[in-house]
Structure formats: C-alpha cells, structure tokens
$ cat coords23.txt   # compact mmCIF, C-alpha atoms and all ligand atoms
# COMPACT_ATOMS: atom_id res chain seq x y z
CA MET A 1 27.28 23.50 0.60
CA THR A 2 25.00 25.37 -1.80
CA THR A 3 23.36 22.96 -4.22
CA GLY A 4 20.00 24.69 -4.61
CA ARG A 5 18.34 21.31 -4.07
CA LEU A 6 15.81 20.13 -1.52
CA LEU A 7 14.95 16.51 -0.72
CA ILE A 8 11.28 15.63 -0.36
CA VAL A 9 10.79 12.34 1.50
CA HIS A 10 7.45 10.51 1.46
CA GLY A 11 6.91 7.55 3.78
CA PRO A 12 4.82 4.38 3.53
CA ASN A 13 1.44 4.27 1.83
CA LEU A 14 1.77 7.78 0.43
CA ASN A 15 2.18 6.15 -3.01
CA LEU A 16 -1.56 5.42 -2.69
CA LEU A 17 -2.59 9.05 -2.31
CA GLY A 18 -5.65 9.91 -4.37
CA THR A 19 -7.35 6.59 -3.60
CA ARG A 20 -6.31 6.07 0.03
CA GLU A 21 -8.92 7.37 2.50
CA PRO A 22 -9.42 10.59 0.50
CA GLU A 23 -11.61 12.05 3.27
CA ILE A 24 -8.46 12.07 5.44
CA TYR A 25 -5.59 12.42 2.98
CA GLY A 26 -7.24 14.33 0.12
CA ALA A 27 -7.85 13.59 -3.55
CA GLU A 28 -4.45 14.57 -4.90
CA THR A 29 -1.98 11.94 -6.00
CA LEU A 30 1.64 11.76 -4.94
CA GLU A 31 2.62 13.00 -8.40
CA ASP A 32 0.31 16.04 -7.90
CA ILE A 33 2.10 16.76 -4.63
CA ASN A 34 5.53 16.33 -6.19
CA GLU A 35 4.52 18.74 -8.96
CA LEU A 36 3.37 21.25 -6.32
CA CYS A 37 6.75 20.82 -4.60
CA ARG A 38 8.61 21.32 -7.89
CA SER A 39 6.69 24.46 -8.84
CA THR A 40 6.91 25.96 -5.35
CA ALA A 41 10.63 25.30 -5.15
CA ALA A 42 11.20 26.72 -8.64
CA GLU A 43 9.44 29.97 -7.70
CA LEU A 44 11.97 30.27 -4.88
CA GLY A 45 15.05 29.34 -6.89
CA PHE A 46 15.35 25.73 -5.71
CA SER A 47 14.89 22.35 -7.32
CA VAL A 48 13.62 19.20 -5.64
CA ASP A 49 14.44 15.52 -5.59
CA ALA A 50 11.53 13.43 -4.35
CA VAL A 51 11.61 9.91 -2.96
CA GLN A 52 8.84 7.64 -1.70
CA SER A 53 9.31 4.27 -0.08
CA ASN A 54 7.30 1.81 1.94
CA HIS A 55 10.55 0.52 3.49
CA GLU A 56 12.18 2.12 6.51
CA GLY A 57 15.75 1.26 5.46
CA GLU A 58 15.27 2.77 2.01
CA LEU A 59 14.11 5.99 3.63
CA VAL A 60 17.19 5.93 5.90
CA ASP A 61 19.42 5.41 2.83
CA ALA A 62 17.79 8.34 1.00
CA ILE A 63 18.24 10.61 4.01
CA GLN A 64 21.89 9.60 4.42
CA ALA A 65 22.52 10.32 0.73
CA ALA A 66 21.24 13.88 1.17
CA ARG A 67 24.44 15.02 2.86
CA GLY A 68 26.31 17.08 0.29
CA ALA A 69 23.58 16.66 -2.32
CA GLN A 70 20.67 18.61 -0.85
CA GLU A 71 20.45 21.66 1.39
CA GLY A 72 17.37 20.71 3.36
CA ILE A 73 14.73 18.03 3.80
CA VAL A 74 10.94 18.12 3.76
CA ILE A 75 9.65 14.85 5.17
CA ASN A 76 6.30 13.22 5.67
CA PRO A 77 7.44 10.03 7.39
CA ALA A 78 3.78 8.84 7.44
CA ALA A 79 3.38 5.93 9.88
CA TYR A 80 7.13 5.92 10.59
CA THR A 81 6.63 9.32 12.22
CA HIS A 82 5.29 7.52 15.24
CA THR A 83 7.63 4.52 15.32
CA SER A 84 11.01 5.14 13.72
CA VAL A 85 14.05 5.93 15.80
CA ALA A 86 16.13 4.99 12.72
CA ILE A 87 14.64 7.76 10.56
CA ALA A 88 14.98 10.33 13.34
CA ASP A 89 18.62 9.27 13.87
CA ALA A 90 19.36 9.53 10.13
CA LEU A 91 17.89 13.04 10.04
CA LYS A 92 20.05 14.02 13.02
CA ALA A 93 23.12 12.45 11.42
CA VAL A 94 22.92 14.44 8.19
CA ALA A 95 22.48 17.67 10.14
CA LEU A 96 20.42 19.41 7.46
CA PRO A 97 17.39 21.58 8.26
CA VAL A 98 14.26 19.43 8.36
CA VAL A 99 10.60 20.41 8.00
CA GLU A 100 7.98 17.79 8.90
CA VAL A 101 4.67 17.63 7.04
CA HIS A 102 1.46 15.70 7.61
CA LEU A 103 -1.51 15.98 5.31
CA SER A 104 -3.92 15.32 8.14
CA ASN A 105 -4.10 16.97 11.53
CA VAL A 106 -2.49 14.15 13.45
CA HIS A 107 -3.29 15.90 16.75
CA ALA A 108 -7.00 15.49 16.13
CA ARG A 109 -6.69 11.77 15.42
CA GLU A 110 -5.84 8.60 17.38
CA PRO A 111 -3.52 8.99 20.39
CA PHE A 112 -0.79 6.88 18.73
CA ARG A 113 -0.47 9.54 15.99
CA GLN A 114 0.23 12.29 18.48
CA HIS A 115 3.82 11.38 19.18
CA SER A 116 6.46 12.09 16.55
CA TYR A 117 10.10 11.00 16.72
CA VAL A 118 10.89 13.62 14.08
CA SER A 119 9.27 16.74 15.57
CA PRO A 120 11.99 17.36 18.20
CA ILE A 121 14.57 17.82 15.45
CA ALA A 122 12.33 19.63 12.94
CA GLU A 123 12.64 23.36 12.31
CA ALA A 124 8.87 23.45 11.76
CA VAL A 125 5.91 21.08 11.54
CA PHE A 126 2.88 21.54 9.27
CA ALA A 127 -0.07 19.23 9.94
CA GLY A 128 -3.66 19.38 8.73
CA ALA A 129 -3.17 21.76 5.82
CA GLY A 130 -3.38 19.00 3.22
CA SER A 131 -1.06 19.31 0.27
CA THR A 132 -0.64 23.03 0.99
CA GLY A 133 1.49 21.91 3.93
CA TYR A 134 4.20 20.94 1.44
CA ARG A 135 4.05 24.42 -0.08
CA PHE A 136 4.36 25.97 3.39
CA ALA A 137 7.24 23.64 4.21
CA ILE A 138 9.21 24.54 1.09
CA GLU A 139 8.57 28.25 1.55
CA TYR A 140 9.74 28.02 5.16
CA LEU A 141 12.81 25.95 4.32
CA ALA A 142 13.78 28.20 1.41
CA GLY A 143 13.49 31.21 3.73
CA LEU A 144 15.74 29.56 6.31
CA LEU A 145 18.34 28.67 3.69
CA LYS A 146 18.36 32.14 2.11
CA ASP A 147 18.90 33.69 5.54
CA SER A 148 21.76 31.36 6.49
C1 LIG A 201 0.27 9.95 6.92
C2 LIG A 201 0.17 8.66 7.36
O1 LIG A 201 0.31 7.66 6.52
C3 LIG A 201 -0.14 8.35 8.77
O2 LIG A 201 0.43 7.13 9.19
C4 LIG A 201 0.25 9.47 9.70
C5 LIG A 201 0.27 11.10 7.84
C6 LIG A 201 -0.30 10.79 9.20
C7 LIG A 201 -0.34 12.33 7.17
O3 LIG A 201 -1.30 12.91 7.70
O4 LIG A 201 0.17 12.74 6.13
O5 LIG A 201 -0.23 9.19 11.00

$ encode --input "coords23.txt" --output "structure tokens" --more "lines below"
Ligand code: DHK
Amino acid sequence: MTTGRLLIVHGPNLNLLGTREPEIYGAETLEDINELCRSTAAELGFSVDAVQSNHEGELVDAIQAARGAQEGIVINPAAYTHTSVAIADALKAVALPVVEVHLSNVHAREPFRQHSYVSPIAEAVFAGAGSTGYRFAIEYLAGLLKDS
C-alpha cells in the first residue's frame, strides 16, 4: 500500500533528550529530532508520524497500527533494543521495512548494549551518528521504498 507515510518510533527515556546525558545522547531535544525527520522525509516526498513511549506495550500497539497506515518504520527502541522480544515480534508481524537507529555507538559501550533483538530484522542499522542517524535512516528507507 502506498501511503507516503513513515512511522518514527522512539523508545523509553528519549523524551528526555536534550537534558539526558548530553555527552552521550547529544544536546538536541526529541522535538528537534522529529523536526529533522519531518524535513528529511518531506525532501524525499514522504511524511512522518512520530511516537514516543516509555511503555513497551504502547510501542507494540503503535507498531501494530502501522500496518496499512505507514510504508516503513524507523525505530530507536532505546533500552528495549536489548530486552524486548515483544517489540521485535511486532516488527516482524507488520512485515514493513524497518531501519534501526541509535544516537550513540552502542558497540563502544557496555556489553549489555551490544545485543539487539531488532537488528536481525532491520534492513539497516545506524548507530553513533547522533541525530544524523535519523536522516540517514529516512534517506535509506525512502530509497528502498522508491525502488520497490
Ligand atoms: C538509547 C538508549 O536509551 C539506550 O538504552 C540504548 C540508545 C542506546 C541510543 O543510543 O540512542 O542502549
């Protein structure tokens, strides 16, 4: 289905961006990142719907609702990256192309951050590029969708 829409999913604690450990996660707020997503998508002929939740089930609900409404998903599952079978299962269930983003380079951090339940089903993973990772993710996803 061609809706021209992309879902941007932000996991727990990303509502605190701007004040939360800025040396790791940067100085931009979540609204700054959503604006970057909106402008990047618009340049490429897409629009975005963005959701943030600190609750695993709400993220699962948002992912399930994407079927038929959005063409692809950019997700930073935050801490749920490393713990959530439910989010990975929801992403598999909706069968939309997924791009995973992390602001920080999780591979250079604690060992528990180096496993992702989402990466095996992601088309691409951007980690350590800060907010630019969201731009890369949208560009990549838009390219995939235009080619399909
Ligand atoms: C964000 C988080 O909140 C962490 O739990 C992840 C991710 C990394 C990020 O870099 O965007 O481990």

$ axis_aligned_box --input "coords23.txt" --around "ligand LIG 201 (chain A)" --padding-each-side "8 Å" --output "JSON"
{"center_x": -0.4, "center_y": 10.0, "center_z": 8.6, "size_x": 17.7, "size_y": 21.8, "size_z": 20.9}

$ residues_near_ligand --input "coords23.txt" --ligand "ligand LIG 201 (chain A)" --cutoff "9 Å" --atoms "only C-alpha atoms and all ligand atoms" --output "mmCIF file with C-alpha atoms, keeping the file's coordinate frame"
data_model
loop_
_atom_site.group_PDB
_atom_site.id
_atom_site.type_symbol
_atom_site.label_atom_id
_atom_site.label_comp_id
_atom_site.auth_asym_id
_atom_site.auth_seq_id
_atom_site.Cartn_x
_atom_site.Cartn_y
_atom_site.Cartn_z
ATOM 1 C CA HIS A 10 7.450 10.510 1.460
ATOM 2 C CA GLY A 11 6.910 7.550 3.780
ATOM 3 C CA PRO A 12 4.820 4.380 3.530
ATOM 4 C CA ASN A 13 1.440 4.270 1.830
ATOM 5 C CA LEU A 14 1.770 7.780 0.430
ATOM 6 C CA ILE A 24 -8.460 12.070 5.440
ATOM 7 C CA TYR A 25 -5.590 12.420 2.980
ATOM 8 C CA ASN A 76 6.300 13.220 5.670
ATOM 9 C CA PRO A 77 7.440 10.030 7.390
ATOM 10 C CA ALA A 78 3.780 8.840 7.440
ATOM 11 C CA ALA A 79 3.380 5.930 9.880
ATOM 12 C CA TYR A 80 7.130 5.920 10.590
ATOM 13 C CA THR A 81 6.630 9.320 12.220
ATOM 14 C CA HIS A 82 5.290 7.520 15.240
ATOM 15 C CA VAL A 101 4.670 17.630 7.040
ATOM 16 C CA HIS A 102 1.460 15.700 7.610
ATOM 17 C CA LEU A 103 -1.510 15.980 5.310
ATOM 18 C CA SER A 104 -3.920 15.320 8.140
ATOM 19 C CA ASN A 105 -4.100 16.970 11.530
ATOM 20 C CA VAL A 106 -2.490 14.150 13.450
ATOM 21 C CA ARG A 109 -6.690 11.770 15.420
ATOM 22 C CA GLU A 110 -5.840 8.600 17.380
ATOM 23 C CA PHE A 112 -0.790 6.880 18.730
ATOM 24 C CA ARG A 113 -0.470 9.540 15.990
ATOM 25 C CA GLN A 114 0.230 12.290 18.480
ATOM 26 C CA ALA A 127 -0.070 19.230 9.940
ATOM 27 C CA GLY A 128 -3.660 19.380 8.730
ATOM 28 C CA GLY A 130 -3.380 19.000 3.220
ATOM 29 C CA SER A 131 -1.060 19.310 0.270
#

$ atom_distance --input "coords23.txt" --atom1 "CA of Ile73 (chain A)" --atom2 "CA of His107 (chain A)"
22.3 Å

$ atom_distance --input "coords23.txt" --atom1 "CA of Arg135 (chain A)" --atom2 "CA of Arg38 (chain A)"
9.6 Å

$ atom_distance --input "coords23.txt" --atom1 "CA of Asp89 (chain A)" --atom2 "CA of Val118 (chain A)"
8.9 Å
